[in-house]
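For reference, the structure discussed in these notes is given below.
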Amino acid sequence: MNKLIELRNITRSFGLNQQVAKVLDSINLTIDDGDKLAIVGPSGSGKSTLLSIIGLLDPHYQGEYLLRGREITTLENKQLSQLRNNQIGWIFQNFNLISHLTALDNVALPMRYNQNIKPKEYKERALHALDIVGLADKYTSKPSELSGGQQQRVAIARALVNEPSLILADEPTGNLDSHTSDKIIELLLNLPTSGATLVIVTHDTNIAQRCDRRIKIHDGSLVNDYQ
Ligand SMILES: Nc1ncnc2c1ncn2[C@@H]1O[C@H](COP(=O)(O)OP(=O)(O)O)[C@@H](O)[C@H]1O
Ligand SMILES: [Mg+2]
């Protein structure tokens, strides 16, 4: 397997001077292409903080982050923002859909920042992504006209539309009932995007057990690949 991400001695602290709290303490983690990885740990243990670093949203850490073998601090801002937009798809607990846009327009949004996709392709590609999540017939619906599970499907379609190599999901089922949650995890683990790497933050041990790999954050440290 090819290494996608290598984190070496990643430490993240918040606060100033005497008030500093070390949330992540010397984290070492390798993620390979195609991994389906669960990150678990109690509330406040630093799961979202770690995901933000992996997703290139938070540069304020100490340590090394290698993406396909390249230290990301060597990348220019333009390369970084293209990577963030084109190569990483995000899924959140609260769906984060834009309420006045239809499902189609929500899904199309990330393509506007992707110079590899022409505007005339937006509709067909967004419809294709909605089809993958089983919602092609709802493309004119606004978020308020959809159930929680359907809204999360739209958010998954939005995460897929640029065909990213990395999908990051932060407690994607936290607002869903257990039956809907099962369906969403089933969908995420069986996406037809060949080779995409998936990282799911969850405190649901059943979800973690369904992933190929599990890591646990405890007191700022990582317990790698527990069973
Ligand atoms: N921007 C921030 N400023 C200060 N403290 C923060 C910030 N982000 C997170 N923290 C703190 O870091 C700890 C871990 O937060 P988080 O990564 O959100 O945990 P989790 O996702 O595991 O619930 C918490 O104590 C939180 O208060
Ligand atoms: Mg969190």
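By convention here, the chains of the structure tokens are called A, B, ... in the order presented, each chain's residues are numbered starting at 1, and ligands are numbered starting at 1 in the order presented.
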
Which residues come within 12 Å of Thr180 of chain A, counting only C-alpha atoms, excluding same-chain residues fewer than 3 positions away, as a ChimeraX atom specification? /A:147-153,172-177,183-187

Store the residues picked out above, limited to N, CA and C atoms, as a JSON list (two decimals), in the first residue's frame.
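Saved file selection34.json follows:
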```
[["chain", "number", "residue", "atom", "x", "y", "z"],
["A", 147, "SER", "N", -35.12, 14.67, 5.35],
["A", 147, "SER", "CA", -34.87, 14.13, 6.68],
["A", 147, "SER", "C", -33.38, 14.28, 7.02],
["A", 148, "GLY", "N", -33.03, 14.05, 8.29],
["A", 148, "GLY", "CA", -31.63, 14.13, 8.70],
["A", 148, "GLY", "C", -30.75, 13.19, 7.88],
["A", 149, "GLY", "N", -31.22, 11.96, 7.71],
["A", 149, "GLY", "CA", -30.44, 10.99, 6.94],
["A", 149, "GLY", "C", -30.27, 11.44, 5.49],
["A", 150, "GLN", "N", -31.33, 12.00, 4.93],
["A", 150, "GLN", "CA", -31.24, 12.48, 3.53],
["A", 150, "GLN", "C", -30.28, 13.68, 3.44],
["A", 151, "GLN", "N", -30.34, 14.56, 4.45],
["A", 151, "GLN", "CA", -29.41, 15.71, 4.44],
["A", 151, "GLN", "C", -27.96, 15.23, 4.51],
["A", 152, "GLN", "N", -27.72, 14.19, 5.33],
["A", 152, "GLN", "CA", -26.35, 13.69, 5.41],
["A", 152, "GLN", "C", -25.94, 13.04, 4.09],
["A", 153, "ARG", "N", -26.89, 12.42, 3.38],
["A", 153, "ARG", "CA", -26.57, 11.87, 2.06],
["A", 153, "ARG", "C", -26.18, 12.98, 1.07],
["A", 172, "PRO", "N", -20.15, 11.66, 11.77],
["A", 172, "PRO", "CA", -21.16, 11.83, 10.72],
["A", 172, "PRO", "C", -22.54, 11.31, 11.11],
["A", 173, "THR", "N", -22.62, 10.48, 12.15],
["A", 173, "THR", "CA", -23.92, 9.92, 12.52],
["A", 173, "THR", "C", -24.38, 10.44, 13.87],
["A", 174, "GLY", "N", -23.66, 11.44, 14.41],
["A", 174, "GLY", "CA", -23.96, 11.95, 15.74],
["A", 174, "GLY", "C", -25.37, 12.49, 15.91],
["A", 175, "ASN", "N", -25.99, 12.94, 14.81],
["A", 175, "ASN", "CA", -27.34, 13.50, 14.90],
["A", 175, "ASN", "C", -28.40, 12.59, 14.30],
["A", 176, "LEU", "N", -28.06, 11.31, 14.12],
["A", 176, "LEU", "CA", -29.00, 10.42, 13.43],
["A", 176, "LEU", "C", -29.41, 9.27, 14.34],
["A", 177, "ASP", "N", -30.62, 8.75, 14.13],
["A", 177, "ASP", "CA", -31.05, 7.57, 14.89],
["A", 177, "ASP", "C", -30.24, 6.36, 14.43],
["A", 183, "LYS", "N", -27.26, 2.93, 7.99],
["A", 183, "LYS", "CA", -27.32, 3.09, 6.52],
["A", 183, "LYS", "C", -26.24, 4.05, 6.03],
["A", 184, "ILE", "N", -26.01, 5.12, 6.81],
["A", 184, "ILE", "CA", -25.02, 6.12, 6.40],
["A", 184, "ILE", "C", -23.61, 5.50, 6.44],
["A", 185, "ILE", "N", -23.34, 4.72, 7.49],
["A", 185, "ILE", "CA", -22.02, 4.09, 7.59],
["A", 185, "ILE", "C", -21.83, 3.07, 6.47],
["A", 186, "GLU", "N", -22.90, 2.31, 6.20],
["A", 186, "GLU", "CA", -22.86, 1.35, 5.09],
["A", 186, "GLU", "C", -22.49, 2.06, 3.79],
["A", 187, "LEU", "N", -23.14, 3.20, 3.57],
["A", 187, "LEU", "CA", -22.87, 3.99, 2.36],
["A", 187, "LEU", "C", -21.41, 4.47, 2.33]]
```

Counting only C-alpha atoms and all ligand atoms, what residues are within 9 Å of ligand 2, given as a VMD selection string? chain A and resid 43 to 49 51 170 to 171 201 to 202

Identify, on the basis of only C-alpha atoms, every residue whose closest approach to His100 of chain A does not exceed 12 Å; exclude the query and any residue fewer than 6 positions from it along the same chain; express the result as a PDB file with N, CA and C atoms, in the first residue's frame.
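And here is the file that came out, selection-v7.pdb:
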```pdb
ATOM      1  N   ASN A 106     -26.206  22.617  -3.507  1.00  0.00           N
ATOM      2  CA  ASN A 106     -25.306  22.314  -2.404  1.00  0.00           C
ATOM      3  C   ASN A 106     -24.183  21.393  -2.867  1.00  0.00           C
ATOM      4  N   THR A 140     -34.085  18.834  -6.466  1.00  0.00           N
ATOM      5  CA  THR A 140     -34.631  20.195  -6.333  1.00  0.00           C
ATOM      6  C   THR A 140     -35.013  20.530  -4.892  1.00  0.00           C
ATOM      7  N   SER A 141     -34.855  19.566  -3.957  1.00  0.00           N
ATOM      8  CA  SER A 141     -35.296  19.803  -2.572  1.00  0.00           C
ATOM      9  C   SER A 141     -34.299  20.662  -1.809  1.00  0.00           C
ATOM     10  N   LYS A 142     -34.835  21.502  -0.940  1.00  0.00           N
ATOM     11  CA  LYS A 142     -33.998  22.271  -0.012  1.00  0.00           C
ATOM     12  C   LYS A 142     -33.750  21.398   1.228  1.00  0.00           C
ATOM     13  N   PRO A 143     -32.699  21.693   2.006  1.00  0.00           N
ATOM     14  CA  PRO A 143     -32.415  20.885   3.195  1.00  0.00           C
ATOM     15  C   PRO A 143     -33.614  20.719   4.128  1.00  0.00           C
ATOM     16  N   SER A 144     -34.408  21.793   4.315  1.00  0.00           N
ATOM     17  CA  SER A 144     -35.542  21.702   5.255  1.00  0.00           C
ATOM     18  C   SER A 144     -36.610  20.729   4.778  1.00  0.00           C
ATOM     19  N   GLU A 145     -36.564  20.370   3.505  1.00  0.00           N
ATOM     20  CA  GLU A 145     -37.553  19.415   2.972  1.00  0.00           C
ATOM     21  C   GLU A 145     -37.038  17.976   3.029  1.00  0.00           C
TER      22      GLU A 145
END
```

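For the pair atom 24 (C, counted along the ligand's line) of ligand 1 and atom CA of Val20 of chain A, the interatomic distance is 11.7 Å.
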
Could you state the separation of atom CA of Leu97 of chain A and atom CA of Pro110 of chain A in Å, given to one decimal place?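 Straight-line distance from atom CA of Leu97 of chain A to atom CA of Pro110 of chain A works out to 11.9 Å.
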
Run DSSP on the backbone and give me the residues of segment 82-215 of chain A it puts in strand (DSSP E or B), as a list in words.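 Going through segment 82-215 of chain A, the strand (DSSP E or B) residues come out as Ile88, Gly89, Trp90, Ile91, Phe92, Leu166, Ile167, Leu168, Ala169, Asp170, Thr197, Leu198, Val199, Ile200, Val201, Arg213, Arg214 and Ile215 of chain A.
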
Calculate how many Å separate atom CA of Gln82 of chain A from atom CA of Gln115 of chain A, rounding to one decimal.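 So the answer is 9.0 Å.
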
Which residues, written as an NGL selection string, have at least one atom at most 8 Å from Pro42 of chain A, with only C-alpha atoms counted and residues fewer than 3 positions away on the same chain left out? :A and (45 or 203 or 217-218)

Which neighbours of Arg158 of chain A fall inside 12 Å, counting only C-alpha atoms, when residues of the same chain fewer than 6 positions from it are skipped, and could you give them as number ranges by chain? A: 85-86, 88-92, 95-98, 102-112, 122, 125-133, 135, 151-152, 164, 167

Please dump the current selection as a CSV table (one decimal), in the first residue's frame; keep N, CA and C atoms.
```csv
chain,number,residue,atom,x,y,z
A,85,ASN,N,-9.4,21.8,-1.4
A,85,ASN,CA,-10.7,21.8,-2.1
A,85,ASN,C,-10.9,20.6,-3.0
A,86,ASN,N,-9.8,20.2,-3.7
A,86,ASN,CA,-10.0,19.2,-4.7
A,86,ASN,C,-9.8,17.8,-4.2
A,88,ILE,N,-9.8,16.7,-0.8
A,88,ILE,CA,-10.4,16.4,0.5
A,88,ILE,C,-11.9,16.7,0.6
A,89,GLY,N,-12.6,15.7,0.9
A,89,GLY,CA,-14.1,15.9,1.1
A,89,GLY,C,-14.4,15.8,2.6
A,90,TRP,N,-15.2,16.8,3.1
A,90,TRP,CA,-15.5,16.8,4.5
A,90,TRP,C,-17.0,16.4,4.7
A,91,ILE,N,-17.3,15.7,5.8
A,91,ILE,CA,-18.6,15.4,6.2
A,91,ILE,C,-18.7,15.7,7.7
A,92,PHE,N,-19.7,16.5,8.1
A,92,PHE,CA,-19.8,16.9,9.5
A,92,PHE,C,-21.1,16.4,10.2
A,95,PHE,N,-24.2,18.3,9.2
A,95,PHE,CA,-24.4,18.3,7.7
A,95,PHE,C,-23.9,19.5,7.0
A,96,ASN,N,-24.0,20.7,7.7
A,96,ASN,CA,-23.5,22.0,7.1
A,96,ASN,C,-23.9,22.2,5.7
A,97,LEU,N,-25.2,22.0,5.4
A,97,LEU,CA,-25.7,22.3,4.1
A,97,LEU,C,-26.2,23.8,4.1
A,98,ILE,N,-26.2,24.4,3.0
A,98,ILE,CA,-26.7,25.8,2.9
A,98,ILE,C,-28.2,25.8,2.7
A,102,THR,N,-30.8,24.3,-3.2
A,102,THR,CA,-31.3,23.0,-3.4
A,102,THR,C,-30.2,22.0,-3.2
A,103,ALA,N,-30.6,20.7,-3.1
A,103,ALA,CA,-29.6,19.6,-3.0
A,103,ALA,C,-28.6,19.7,-4.1
A,104,LEU,N,-29.1,19.9,-5.3
A,104,LEU,CA,-28.2,20.0,-6.5
A,104,LEU,C,-27.2,21.1,-6.3
A,105,ASP,N,-27.6,22.3,-5.9
A,105,ASP,CA,-26.7,23.4,-5.8
A,105,ASP,C,-25.7,23.2,-4.6
A,106,ASN,N,-26.2,22.6,-3.5
A,106,ASN,CA,-25.3,22.3,-2.4
A,106,ASN,C,-24.2,21.4,-2.9
A,107,VAL,N,-24.6,20.4,-3.6
A,107,VAL,CA,-23.6,19.4,-4.1
A,107,VAL,C,-22.6,20.0,-5.1
A,108,ALA,N,-23.1,20.9,-5.9
A,108,ALA,CA,-22.3,21.5,-6.9
A,108,ALA,C,-21.3,22.5,-6.4
A,109,LEU,N,-21.5,23.0,-5.2
A,109,LEU,CA,-20.7,24.1,-4.6
A,109,LEU,C,-19.2,23.9,-4.7
A,110,PRO,N,-18.6,22.7,-4.2
A,110,PRO,CA,-17.2,22.6,-4.2
A,110,PRO,C,-16.6,22.6,-5.6
A,111,MET,N,-17.4,22.4,-6.7
A,111,MET,CA,-16.8,22.4,-8.0
A,111,MET,C,-16.5,23.8,-8.5
A,112,ARG,N,-17.1,24.8,-7.8
A,112,ARG,CA,-16.9,26.2,-8.2
A,112,ARG,C,-15.4,26.6,-7.9
A,122,TYR,N,-21.1,20.9,-14.2
A,122,TYR,CA,-21.5,20.9,-12.8
A,122,TYR,C,-22.8,20.1,-12.6
A,125,ARG,N,-22.4,16.3,-13.1
A,125,ARG,CA,-21.6,15.7,-12.0
A,125,ARG,C,-22.3,15.7,-10.7
A,126,ALA,N,-23.0,16.8,-10.4
A,126,ALA,CA,-23.8,16.8,-9.1
A,126,ALA,C,-24.9,15.8,-9.1
A,127,LEU,N,-25.6,15.6,-10.2
A,127,LEU,CA,-26.6,14.6,-10.3
A,127,LEU,C,-26.0,13.2,-10.1
A,128,HIS,N,-24.9,13.0,-10.7
A,128,HIS,CA,-24.2,11.7,-10.6
A,128,HIS,C,-23.9,11.4,-9.1
A,129,ALA,N,-23.4,12.4,-8.4
A,129,ALA,CA,-23.0,12.3,-7.0
A,129,ALA,C,-24.3,12.0,-6.2
A,130,LEU,N,-25.4,12.7,-6.5
A,130,LEU,CA,-26.7,12.5,-5.8
A,130,LEU,C,-27.2,11.1,-6.1
A,131,ASP,N,-27.0,10.6,-7.3
A,131,ASP,CA,-27.4,9.2,-7.7
A,131,ASP,C,-26.6,8.2,-6.8
A,132,ILE,N,-25.3,8.4,-6.6
A,132,ILE,CA,-24.5,7.5,-5.8
A,132,ILE,C,-25.1,7.3,-4.4
A,133,VAL,N,-25.6,8.4,-3.8
A,133,VAL,CA,-26.1,8.4,-2.5
A,133,VAL,C,-27.7,8.1,-2.5
A,135,LEU,N,-30.2,9.7,-4.0
A,135,LEU,CA,-31.1,10.9,-3.9
A,135,LEU,C,-31.3,11.7,-5.2
A,151,GLN,N,-30.3,14.6,4.5
A,151,GLN,CA,-29.4,15.7,4.4
A,151,GLN,C,-28.0,15.2,4.5
A,152,GLN,N,-27.7,14.2,5.3
A,152,GLN,CA,-26.4,13.7,5.4
A,152,GLN,C,-25.9,13.0,4.1
A,164,PRO,N,-12.5,13.3,-4.5
A,164,PRO,CA,-11.3,13.5,-3.6
A,164,PRO,C,-10.6,12.1,-3.3
A,167,ILE,N,-11.5,11.3,2.3
A,167,ILE,CA,-12.8,11.8,2.8
A,167,ILE,C,-12.7,11.7,4.3
```

I'd like the contact shell of segment 3-17 of chain A - 7 Å cut-off, only C-alpha atoms, skipping same-chain residues fewer than 2 positions apart - returned as a VMD selection string. chain A and resid 1 19 to 33 61 to 68

Which of these, A:Ala208, A:Ala169, A:Leu146, A:Leu37, has the shortest distance to ligand 1 once you count only C-alpha atoms and all ligand atoms? A:Ala169

Tell me which of A:Ile215, A:Ala196, A:Leu50, A:Leu191 sits closest to ligand 1, counting only C-alpha atoms and all ligand atoms.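 So, comparing all the options, the nearest one is A:Leu50.
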